[in-house]
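K.L.:
Below is the file query_3.cif, with mmCIF, N, CA and C atoms, pLDDT in the B column; chains and numbers go by the auth columns.
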```cif
data_my_file
loop_
_atom_site.group_PDB
_atom_site.id
_atom_site.type_symbol
_atom_site.label_atom_id
_atom_site.label_comp_id
_atom_site.label_asym_id
_atom_site.label_seq_id
_atom_site.Cartn_x
_atom_site.Cartn_y
_atom_site.Cartn_z
_atom_site.B_iso_or_equiv
_atom_site.auth_seq_id
_atom_site.auth_asym_id
ATOM 1 N N MET A 1 143.030 128.500 99.644 84.00 1 Q
ATOM 2 C CA MET A 1 141.720 127.918 99.487 84.00 1 Q
ATOM 3 C C MET A 1 141.844 126.760 98.496 84.00 1 Q
ATOM 4 N N LEU A 2 141.204 125.659 98.823 89.00 2 Q
ATOM 5 C CA LEU A 2 141.269 124.484 97.968 89.00 2 Q
ATOM 6 C C LEU A 2 140.180 124.515 96.894 89.00 2 Q
ATOM 7 N N CYS A 3 140.522 124.014 95.741 91.00 3 Q
ATOM 8 C CA CYS A 3 139.603 123.938 94.612 91.00 3 Q
ATOM 9 C C CYS A 3 138.506 122.909 94.917 91.00 3 Q
ATOM 10 N N PRO A 4 137.231 123.262 94.712 91.00 4 Q
ATOM 11 C CA PRO A 4 136.156 122.300 94.965 91.00 4 Q
ATOM 12 C C PRO A 4 136.107 121.178 93.929 91.00 4 Q
ATOM 13 N N LYS A 5 136.763 121.376 92.792 91.00 5 Q
ATOM 14 C CA LYS A 5 136.736 120.374 91.724 91.00 5 Q
ATOM 15 C C LYS A 5 137.827 119.308 91.902 91.00 5 Q
ATOM 16 N N CYS A 6 139.080 119.756 92.123 92.00 6 Q
ATOM 17 C CA CYS A 6 140.187 118.790 92.184 92.00 6 Q
ATOM 18 C C CYS A 6 140.922 118.787 93.531 92.00 6 Q
ATOM 19 N N GLY A 7 140.678 119.784 94.389 92.00 7 Q
ATOM 20 C CA GLY A 7 141.344 119.842 95.696 92.00 7 Q
ATOM 21 C C GLY A 7 142.694 120.538 95.676 92.00 7 Q
ATOM 22 N N GLY A 8 143.095 121.091 94.528 93.00 8 Q
ATOM 23 C CA GLY A 8 144.369 121.801 94.417 93.00 8 Q
ATOM 24 C C GLY A 8 144.287 123.205 95.000 93.00 8 Q
ATOM 25 N N GLN A 9 145.445 123.840 95.141 94.00 9 Q
ATOM 26 C CA GLN A 9 145.510 125.208 95.662 94.00 9 Q
ATOM 27 C C GLN A 9 145.010 126.195 94.612 94.00 9 Q
ATOM 28 N N SER A 10 144.413 127.293 95.090 93.00 10 Q
ATOM 29 C CA SER A 10 143.920 128.315 94.173 93.00 10 Q
ATOM 30 C C SER A 10 144.565 129.661 94.481 93.00 10 Q
ATOM 31 N N THR A 11 144.505 130.553 93.499 94.00 11 Q
ATOM 32 C CA THR A 11 145.000 131.913 93.680 94.00 11 Q
ATOM 33 C C THR A 11 143.837 132.877 93.479 94.00 11 Q
ATOM 34 N N VAL A 12 143.945 134.049 94.118 93.00 12 Q
ATOM 35 C CA VAL A 12 142.900 135.064 94.008 93.00 12 Q
ATOM 36 C C VAL A 12 143.132 135.879 92.737 93.00 12 Q
ATOM 37 N N ILE A 13 142.103 135.966 91.904 93.00 13 Q
ATOM 38 C CA ILE A 13 142.163 136.742 90.673 93.00 13 Q
ATOM 39 C C ILE A 13 141.658 138.159 90.920 93.00 13 Q
ATOM 40 N N ASP A 14 140.573 138.266 91.712 92.00 14 Q
ATOM 41 C CA ASP A 14 139.933 139.553 91.948 92.00 14 Q
ATOM 42 C C ASP A 14 139.255 139.536 93.313 92.00 14 Q
ATOM 43 N N SER A 15 139.255 140.674 94.023 90.00 15 Q
ATOM 44 C CA SER A 15 138.562 140.819 95.303 90.00 15 Q
ATOM 45 C C SER A 15 137.700 142.062 95.274 90.00 15 Q
ATOM 46 N N ARG A 16 136.504 141.946 95.867 89.00 16 Q
ATOM 47 C CA ARG A 16 135.601 143.089 95.955 89.00 16 Q
ATOM 48 C C ARG A 16 134.940 143.112 97.318 89.00 16 Q
ATOM 49 N N MET A 17 134.797 144.309 97.892 85.00 17 Q
ATOM 50 C CA MET A 17 134.096 144.484 99.149 85.00 17 Q
ATOM 51 C C MET A 17 132.675 144.930 98.827 85.00 17 Q
ATOM 52 N N ILE A 18 131.693 144.121 99.238 80.00 18 Q
ATOM 53 C CA ILE A 18 130.295 144.437 98.990 80.00 18 Q
ATOM 54 C C ILE A 18 129.538 144.331 100.311 80.00 18 Q
ATOM 55 N N SER A 19 129.154 145.476 100.867 76.00 19 Q
ATOM 56 C CA SER A 19 128.372 145.579 102.116 76.00 19 Q
ATOM 57 C C SER A 19 128.841 144.612 103.208 76.00 19 Q
ATOM 58 N N GLY A 20 130.085 144.739 103.629 75.00 20 Q
ATOM 59 C CA GLY A 20 130.622 143.949 104.731 75.00 20 Q
ATOM 60 C C GLY A 20 131.068 142.550 104.353 75.00 20 Q
ATOM 61 N N THR A 21 130.967 142.200 103.086 83.00 21 Q
ATOM 62 C CA THR A 21 131.374 140.872 102.615 83.00 21 Q
ATOM 63 C C THR A 21 132.456 141.037 101.564 83.00 21 Q
ATOM 64 N N VAL A 22 133.508 140.212 101.662 87.00 22 Q
ATOM 65 C CA VAL A 22 134.559 140.220 100.656 87.00 22 Q
ATOM 66 C C VAL A 22 134.287 139.059 99.703 87.00 22 Q
ATOM 67 N N ARG A 23 134.100 139.392 98.445 90.00 23 Q
ATOM 68 C CA ARG A 23 133.887 138.367 97.414 90.00 23 Q
ATOM 69 C C ARG A 23 135.186 138.213 96.645 90.00 23 Q
ATOM 70 N N ARG A 24 135.707 136.987 96.602 91.00 24 Q
ATOM 71 C CA ARG A 24 136.970 136.723 95.921 91.00 24 Q
ATOM 72 C C ARG A 24 136.745 135.769 94.754 91.00 24 Q
ATOM 73 N N ARG A 25 137.268 136.147 93.610 93.00 25 Q
ATOM 74 C CA ARG A 25 137.250 135.297 92.417 93.00 25 Q
ATOM 75 C C ARG A 25 138.559 134.521 92.437 93.00 25 Q
ATOM 76 N N ARG A 26 138.513 133.210 92.346 94.00 26 Q
ATOM 77 C CA ARG A 26 139.703 132.367 92.459 94.00 26 Q
ATOM 78 C C ARG A 26 139.858 131.463 91.245 94.00 26 Q
ATOM 79 N N GLU A 27 141.113 131.028 91.017 95.00 27 Q
ATOM 80 C CA GLU A 27 141.406 130.083 89.937 95.00 27 Q
ATOM 81 C C GLU A 27 142.338 129.009 90.472 95.00 27 Q
ATOM 82 N N CYS A 28 142.010 127.754 90.186 94.00 28 Q
ATOM 83 C CA CYS A 28 142.839 126.631 90.635 94.00 28 Q
ATOM 84 C C CYS A 28 144.152 126.615 89.855 94.00 28 Q
ATOM 85 N N GLU A 29 145.242 126.432 90.566 95.00 29 Q
ATOM 86 C CA GLU A 29 146.565 126.382 89.933 95.00 29 Q
ATOM 87 C C GLU A 29 146.777 125.081 89.157 95.00 29 Q
ATOM 88 N N GLN A 30 146.048 124.013 89.533 95.00 30 Q
ATOM 89 C CA GLN A 30 146.251 122.715 88.882 95.00 30 Q
ATOM 90 C C GLN A 30 145.333 122.493 87.677 95.00 30 Q
ATOM 91 N N CYS A 31 144.005 122.683 87.880 94.00 31 Q
ATOM 92 C CA CYS A 31 143.070 122.342 86.797 94.00 31 Q
ATOM 93 C C CYS A 31 142.508 123.566 86.074 94.00 31 Q
ATOM 94 N N GLY A 32 142.735 124.788 86.605 94.00 32 Q
ATOM 95 C CA GLY A 32 142.258 125.998 85.952 94.00 32 Q
ATOM 96 C C GLY A 32 140.796 126.338 86.235 94.00 32 Q
ATOM 97 N N HIS A 33 140.118 125.535 87.070 93.00 33 Q
ATOM 98 C CA HIS A 33 138.715 125.785 87.422 93.00 33 Q
ATOM 99 C C HIS A 33 138.589 127.122 88.152 93.00 33 Q
ATOM 100 N N ARG A 34 137.601 127.934 87.782 94.00 34 Q
ATOM 101 C CA ARG A 34 137.375 129.228 88.431 94.00 34 Q
ATOM 102 C C ARG A 34 136.138 129.137 89.324 94.00 34 Q
ATOM 103 N N PHE A 35 136.231 129.745 90.501 93.00 35 Q
ATOM 104 C CA PHE A 35 135.114 129.748 91.432 93.00 35 Q
ATOM 105 C C PHE A 35 135.205 130.977 92.322 93.00 35 Q
ATOM 106 N N SER A 36 134.106 131.269 93.030 91.00 36 Q
ATOM 107 C CA SER A 36 134.041 132.441 93.903 91.00 36 Q
ATOM 108 C C SER A 36 133.866 132.014 95.349 91.00 36 Q
ATOM 109 N N THR A 37 134.390 132.820 96.272 90.00 37 Q
ATOM 110 C CA THR A 37 134.172 132.623 97.695 90.00 37 Q
ATOM 111 C C THR A 37 133.719 133.947 98.288 90.00 37 Q
ATOM 112 N N GLU A 38 132.993 133.864 99.395 89.00 38 Q
ATOM 113 C CA GLU A 38 132.571 135.056 100.120 89.00 38 Q
ATOM 114 C C GLU A 38 133.017 134.937 101.561 89.00 38 Q
ATOM 115 N N GLU A 39 133.576 136.002 102.086 85.00 39 Q
ATOM 116 C CA GLU A 39 134.029 136.037 103.468 85.00 39 Q
ATOM 117 C C GLU A 39 133.361 137.213 104.159 85.00 39 Q
ATOM 118 N N THR A 40 132.692 136.937 105.273 82.00 40 Q
ATOM 119 C CA THR A 40 132.039 137.989 106.032 82.00 40 Q
ATOM 120 C C THR A 40 132.974 138.441 107.142 82.00 40 Q
ATOM 121 N N LEU A 41 133.188 139.731 107.227 72.00 41 Q
ATOM 122 C CA LEU A 41 134.087 140.292 108.223 72.00 41 Q
ATOM 123 C C LEU A 41 133.279 141.010 109.298 72.00 41 Q
ATOM 124 N N TYR A 42 133.737 140.880 110.532 67.00 42 Q
ATOM 125 C CA TYR A 42 133.100 141.533 111.665 67.00 42 Q
ATOM 126 C C TYR A 42 134.126 142.358 112.414 67.00 42 Q
ATOM 127 N N LYS A 43 133.665 143.368 113.113 58.00 43 Q
ATOM 128 C CA LYS A 43 134.552 144.189 113.934 58.00 43 Q
ATOM 129 C C LYS A 43 134.067 144.168 115.374 58.00 43 Q
ATOM 130 N N PHE A 44 134.998 144.086 116.303 49.00 44 Q
ATOM 131 C CA PHE A 44 134.684 144.345 117.695 49.00 44 Q
ATOM 132 C C PHE A 44 134.619 145.855 117.856 49.00 44 Q
ATOM 133 N N GLN A 45 133.874 146.334 118.804 49.00 45 Q
ATOM 134 C CA GLN A 45 133.737 147.770 118.969 49.00 45 Q
ATOM 135 C C GLN A 45 135.054 148.430 119.352 49.00 45 Q
ATOM 136 N N ARG A 46 135.909 147.744 120.093 48.00 46 Q
ATOM 137 C CA ARG A 46 137.162 148.347 120.560 48.00 46 Q
ATOM 138 C C ARG A 46 138.364 148.004 119.686 48.00 46 Q
ATOM 139 N N VAL A 47 138.178 147.260 118.628 47.00 47 Q
ATOM 140 C CA VAL A 47 139.286 146.838 117.771 47.00 47 Q
ATOM 141 C C VAL A 47 139.125 147.461 116.393 47.00 47 Q
ATOM 142 N N ASP A 48 140.222 147.968 115.840 48.00 48 Q
ATOM 143 C CA ASP A 48 140.161 148.623 114.540 48.00 48 Q
ATOM 144 C C ASP A 48 140.222 147.666 113.363 48.00 48 Q
ATOM 145 N N LYS A 49 140.866 146.518 113.530 53.00 49 Q
ATOM 146 C CA LYS A 49 141.012 145.604 112.396 53.00 49 Q
ATOM 147 C C LYS A 49 139.869 144.584 112.361 53.00 49 Q
ATOM 148 N N PRO A 50 139.391 144.214 111.164 54.00 50 Q
ATOM 149 C CA PRO A 50 138.314 143.232 111.056 54.00 50 Q
ATOM 150 C C PRO A 50 138.822 141.826 111.379 54.00 50 Q
ATOM 151 N N ILE A 51 137.941 140.988 111.909 53.00 51 Q
ATOM 152 C CA ILE A 51 138.300 139.601 112.168 53.00 51 Q
ATOM 153 C C ILE A 51 137.278 138.698 111.494 53.00 51 Q
ATOM 154 N N ILE A 52 137.647 137.467 111.265 61.00 52 Q
ATOM 155 C CA ILE A 52 136.770 136.493 110.623 61.00 52 Q
ATOM 156 C C ILE A 52 135.849 135.884 111.675 61.00 52 Q
ATOM 157 N N LEU A 53 134.627 135.560 111.305 65.00 53 Q
ATOM 158 C CA LEU A 53 133.613 135.061 112.223 65.00 53 Q
ATOM 159 C C LEU A 53 134.109 133.873 113.046 65.00 53 Q
ATOM 160 N N ASP A 54 134.841 132.935 112.447 68.00 54 Q
ATOM 161 C CA ASP A 54 135.341 131.770 113.180 68.00 54 Q
ATOM 162 C C ASP A 54 136.233 132.204 114.338 68.00 54 Q
ATOM 163 N N ASP A 55 137.072 133.222 114.131 69.00 55 Q
ATOM 164 C CA ASP A 55 137.941 133.723 115.193 69.00 55 Q
ATOM 165 C C ASP A 55 137.115 134.329 116.318 69.00 55 Q
ATOM 166 N N MET A 56 136.049 135.059 115.953 67.00 56 Q
ATOM 167 C CA MET A 56 135.200 135.703 116.942 67.00 56 Q
ATOM 168 C C MET A 56 134.489 134.647 117.792 67.00 56 Q
ATOM 169 N N ILE A 57 133.998 133.589 117.165 72.00 57 Q
ATOM 170 C CA ILE A 57 133.326 132.512 117.896 72.00 57 Q
ATOM 171 C C ILE A 57 134.305 131.819 118.836 72.00 57 Q
ATOM 172 N N THR A 58 135.519 131.555 118.358 75.00 58 Q
ATOM 173 C CA THR A 58 136.536 130.914 119.190 75.00 58 Q
ATOM 174 C C THR A 58 136.861 131.769 120.407 75.00 58 Q
ATOM 175 N N GLN A 59 137.036 133.070 120.204 73.00 59 Q
ATOM 176 C CA GLN A 59 137.337 133.966 121.315 73.00 59 Q
ATOM 177 C C GLN A 59 136.181 133.996 122.306 73.00 59 Q
ATOM 178 N N PHE A 60 134.960 134.004 121.807 73.00 60 Q
ATOM 179 C CA PHE A 60 133.794 134.022 122.681 73.00 60 Q
ATOM 180 C C PHE A 60 133.726 132.742 123.510 73.00 60 Q
ATOM 181 N N MET A 61 133.935 131.596 122.860 77.00 61 Q
ATOM 182 C CA MET A 61 133.861 130.307 123.572 77.00 61 Q
ATOM 183 C C MET A 61 134.978 130.184 124.605 77.00 61 Q
ATOM 184 N N ASN A 62 136.171 130.666 124.286 78.00 62 Q
ATOM 185 C CA ASN A 62 137.265 130.627 125.247 78.00 62 Q
ATOM 186 C C ASN A 62 136.961 131.484 126.462 78.00 62 Q
ATOM 187 N N GLY A 63 136.368 132.634 126.241 71.00 63 Q
ATOM 188 C CA GLY A 63 135.980 133.511 127.341 71.00 63 Q
ATOM 189 C C GLY A 63 134.920 132.885 128.210 71.00 63 Q
ATOM 190 N N LYS A 64 133.980 132.181 127.606 54.00 64 Q
ATOM 191 C CA LYS A 64 132.923 131.527 128.338 54.00 64 Q
ATOM 192 C C LYS A 64 133.471 130.389 129.198 54.00 64 Q
ATOM 193 N N LYS A 65 134.426 129.628 128.667 48.00 65 Q
ATOM 194 C CA LYS A 65 135.031 128.539 129.428 48.00 65 Q
ATOM 195 C C LYS A 65 135.757 129.071 130.656 48.00 65 Q
ATOM 196 N N GLU A 66 136.464 130.190 130.489 45.00 66 Q
ATOM 197 C CA GLU A 66 137.179 130.762 131.616 45.00 66 Q
ATOM 198 C C GLU A 66 136.215 131.274 132.682 45.00 66 Q
ATOM 199 N N ALA A 67 135.059 131.773 132.278 42.00 67 Q
ATOM 200 C CA ALA A 67 134.094 132.286 133.231 42.00 67 Q
ATOM 201 C C ALA A 67 133.489 131.170 134.080 42.00 67 Q
ATOM 202 N N LYS A 68 133.397 129.947 133.547 41.00 68 Q
ATOM 203 C CA LYS A 68 132.813 128.820 134.278 41.00 68 Q
ATOM 204 C C LYS A 68 133.743 128.286 135.344 41.00 68 Q
ATOM 205 N N ARG A 69 135.051 128.508 135.223 42.00 69 Q
ATOM 206 C CA ARG A 69 136.025 127.932 136.166 42.00 69 Q
ATOM 207 C C ARG A 69 135.864 128.435 137.562 42.00 69 Q
#
```
Show the structure stored in the file as structure tokens.

P.N.:
Amino acid sequence: MLCPKCGGQSTVIDSRMISGTVRRRRECEQCGHRFSTEETLYKFQRVDKPIILDDMITQFMNGKKEAKR
């Protein structure tokens, strides 16, 4: 994840799962700026591992394109 202040790489300091959302505390490796990110995880009914919303949307759109052919 890139730092919003300087654009450098960041590392995760702490992670917490709060009602389906992963909140990560991060620190920039270059400038030391600390910030938080939230990631919402979703599950397909037939899949055991969680996936990120962007992946789910991509899979849905790919399936829709194939159905139109």

K.L.:
So what does the PyMOL selection byres ((chain Q and resi 10) around 6) actually pick up in this one, as a list of chain:residue names?

P.N.:
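After applying the PyMOL selection byres ((chain Q and resi 10) around 6), what remains is Q:Met1, Q:Leu2, Q:Cys3, Q:Gly8, Q:Gln9, Q:Thr11, Q:Val12, Q:Arg26, Q:Glu27, Q:Cys28, Q:Glu29.
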
K.L.:
What does the distance from atom N of Arg16 (chain Q) to atom N of Phe35 (chain Q) come to in Å, to one decimal?

P.N.:
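Computing it gives 13.3 Å between the two atoms.
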
K.L.:
So the first atom is atom C of Thr21 (chain Q) and the second is atom C of Gly63 (chain Q); what is the distance between them in Å, to one decimal place?

P.N.:
28.0 Å

K.L.:
Record the distance separating atom N of Asp14 (chain Q) and atom N of Thr58 (chain Q), expressed in Å with one decimal.

P.N.:
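Atom-to-atom, atom N of Asp14 (chain Q) and atom N of Thr58 (chain Q) are spaced 27.9 Å apart.
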
K.L.:
Would you mind telling me which residue in Q:Ile13, Q:Asn62, Q:Gly20, Q:Gly7 lies nearest to Arg34 (chain Q) when using only C-alpha atoms?

P.N.:
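Result for the nearest residue to Arg34 (chain Q): Q:Ile13.
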